[in-house]
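J.: Can you keep this structure in mind? I'll have questions shortly.
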Amino acid sequence: MPFTNKNARLIGQAPTIFPAGAETVAQRDQVALVPGDLDLNDAGGVTILPAGCELVGITYDSDDLDTNGTPTIVASIGVMNVGGTALATTLATGVTASQTGTAVHLVTTQIMRLAKADVDRVIGVLFTAASATKAAGSVGLTLHYRGA
């Protein structure tokens with residue numbers, strides 16, 4: 001099921017940062033999640049990778065979305081499919097930052113080898129394990145990218 005909420009960048013109310021030269025830029029967005037967004041296979045977009053850019057890393061940050069004494073929530077990060085309901089391309093798996101409310105910088109082979117595209121791509125989150133005790137909060141993604 002797709003996430004309930006979207007942020008300003010996803011609905012076209014905030015511009016996407018584009019590098020002016022060879023520099024690496026960072027763009028962060030977050031999405032507020034309700035308890036109903038924390039089930040197995042729930043997914044949604046968080047930010048946009050502009051056309052013609054290549055990723056060099058992603059930072060995932062999250063509130064504590066699973067307040068159980070033995071939290072179970074796990075996420076994957078990737079390029080969303082056209083419908084925004086699943087990942088078309090998985091870039092990182094086994095992300096447990098939402099179990100305690102923390103941030104993690106992700107650098108994977110899949111991130112480093114994601115080819116540039118001629119269209120903007122939505123980067124999002126898929127929960128591969130549900131929250132044992134759901135708690136509303138936010139997840140954020142900071143994309144680190146450069147012009148290719």
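Chain labels A, B, ... are given in the sequence in which chains occur in the structure tokens; within each chain residues are numbered consecutively from 1, and ligands are likewise numbered from 1 in the order shown.
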Give me the residues within 8 Å of Gln27 in chain A as a PyMOL selection string, counting only C-alpha atoms and dropping any in the same chain fewer than 5 places off.

T.: chain A and resi 16-17+142-144

J.: Hey, which of A:Ala92, A:Val139, A:Met80, A:Val74 ends up closest to Leu49 in chain A? Count only C-alpha atoms.

T.: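 Closest to Leu49 in chain A, using only C-alpha atoms: A:Met80.
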
J.: For Ala97 in chain A, find every residue with an atom within 12 Å (counting only C-alpha atoms), except residues of its own chain fewer than 2 positions away, and show them as an NGL selection string.

T.: :A and (59-66 or 71-77 or 93-95 or 99-106 or 127 or 138-141)

J.: Using N, CA and C atoms, can you write the selected residues to a file as a compact mmCIF listing (two decimals), in the first residue's frame?

T.:
# COMPACT_ATOMS: atom_id res chain seq x y z
N THR A 59 21.57 9.00 2.75
CA THR A 59 21.44 8.94 4.20
C THR A 59 19.96 8.76 4.52
N TYR A 60 19.65 7.71 5.30
CA TYR A 60 18.29 7.42 5.73
C TYR A 60 18.18 7.83 7.18
N ASP A 61 17.17 8.64 7.51
CA ASP A 61 16.94 9.00 8.91
C ASP A 61 15.48 8.72 9.24
N SER A 62 15.25 8.36 10.50
CA SER A 62 13.91 7.94 10.89
C SER A 62 13.64 8.23 12.35
N ASP A 63 12.38 8.50 12.64
CA ASP A 63 11.92 8.48 14.01
C ASP A 63 11.81 7.02 14.44
N ASP A 64 11.60 6.79 15.72
CA ASP A 64 11.38 5.43 16.23
C ASP A 64 9.95 5.03 15.83
N LEU A 65 9.84 4.20 14.80
CA LEU A 65 8.54 3.80 14.26
C LEU A 65 8.05 2.47 14.82
N ASP A 66 8.86 1.85 15.68
CA ASP A 66 8.50 0.56 16.27
C ASP A 66 8.91 0.58 17.73
N PRO A 71 11.87 -4.60 18.49
CA PRO A 71 11.34 -4.04 17.25
C PRO A 71 11.67 -4.92 16.04
N THR A 72 10.78 -4.88 15.05
CA THR A 72 10.92 -5.74 13.88
C THR A 72 10.96 -5.00 12.56
N ILE A 73 10.66 -3.71 12.54
CA ILE A 73 10.54 -2.99 11.28
C ILE A 73 11.89 -2.92 10.54
N VAL A 74 11.85 -3.21 9.24
CA VAL A 74 13.04 -3.18 8.39
C VAL A 74 12.64 -2.54 7.07
N ALA A 75 13.54 -1.75 6.50
CA ALA A 75 13.25 -1.04 5.26
C ALA A 75 14.27 -1.36 4.17
N SER A 76 13.83 -1.18 2.95
CA SER A 76 14.70 -1.15 1.78
C SER A 76 14.52 0.21 1.14
N ILE A 77 15.56 0.69 0.46
CA ILE A 77 15.54 1.98 -0.20
C ILE A 77 15.78 1.74 -1.69
N THR A 93 19.19 -2.67 1.30
CA THR A 93 18.25 -3.54 2.01
C THR A 93 18.68 -3.68 3.48
N GLY A 94 17.76 -4.20 4.29
CA GLY A 94 18.09 -4.50 5.68
C GLY A 94 18.32 -3.29 6.56
N VAL A 95 17.70 -2.17 6.23
CA VAL A 95 17.89 -0.92 6.98
C VAL A 95 17.01 -0.95 8.23
N GLN A 99 13.88 1.16 13.78
CA GLN A 99 13.63 0.40 15.02
C GLN A 99 13.92 1.22 16.26
N THR A 100 14.83 2.17 16.15
CA THR A 100 15.23 2.96 17.32
C THR A 100 15.19 4.46 17.09
N GLY A 101 15.01 4.88 15.86
CA GLY A 101 15.01 6.31 15.57
C GLY A 101 16.43 6.83 15.46
N THR A 102 17.05 6.58 14.33
CA THR A 102 18.44 7.01 14.13
C THR A 102 18.66 7.27 12.64
N ALA A 103 19.88 7.53 12.27
CA ALA A 103 20.24 7.77 10.87
C ALA A 103 21.38 6.86 10.48
N VAL A 104 21.42 6.51 9.21
CA VAL A 104 22.50 5.66 8.69
C VAL A 104 22.84 6.13 7.29
N HIS A 105 24.14 6.24 7.01
CA HIS A 105 24.59 6.60 5.66
C HIS A 105 24.79 5.31 4.88
N LEU A 106 24.19 5.25 3.71
CA LEU A 106 24.22 4.04 2.90
C LEU A 106 25.08 4.26 1.66
N PHE A 127 8.89 -1.01 3.26
CA PHE A 127 9.06 -1.76 4.51
C PHE A 127 8.98 -3.25 4.21
N SER A 138 8.32 10.21 11.14
CA SER A 138 8.78 10.56 9.80
C SER A 138 10.01 9.76 9.42
N VAL A 139 10.17 9.56 8.11
CA VAL A 139 11.42 9.04 7.55
C VAL A 139 11.93 10.09 6.57
N GLY A 140 13.24 10.18 6.49
CA GLY A 140 13.85 11.14 5.58
C GLY A 140 14.95 10.48 4.77
N LEU A 141 15.16 11.01 3.58
CA LEU A 141 16.27 10.59 2.74
C LEU A 141 17.05 11.82 2.31

J.: Going by DSSP on the backbone, which residues of range 6-71 of chain A come out as strand (DSSP E or B)? List them as a list in words.

T.: Thr24, Val25, Ala26, Gln27, Arg28, Asp29, Gln30, Val31, Ala32, Leu33, Ala43, Gly44, Gly45, Val46, Thr47, Ile48, Leu49, Cys53, Glu54, Leu55, Val56, Gly57, Ile58, Thr59, Tyr60, Asp61, Ser62 and Asp66 of chain A

J.: To one decimal place, how far is CA of Arg121 in chain A from CA of Gln30 in chain A in Å?

T.: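 About the pair CA of Arg121 in chain A and CA of Gln30 in chain A: they are 16.0 Å apart.
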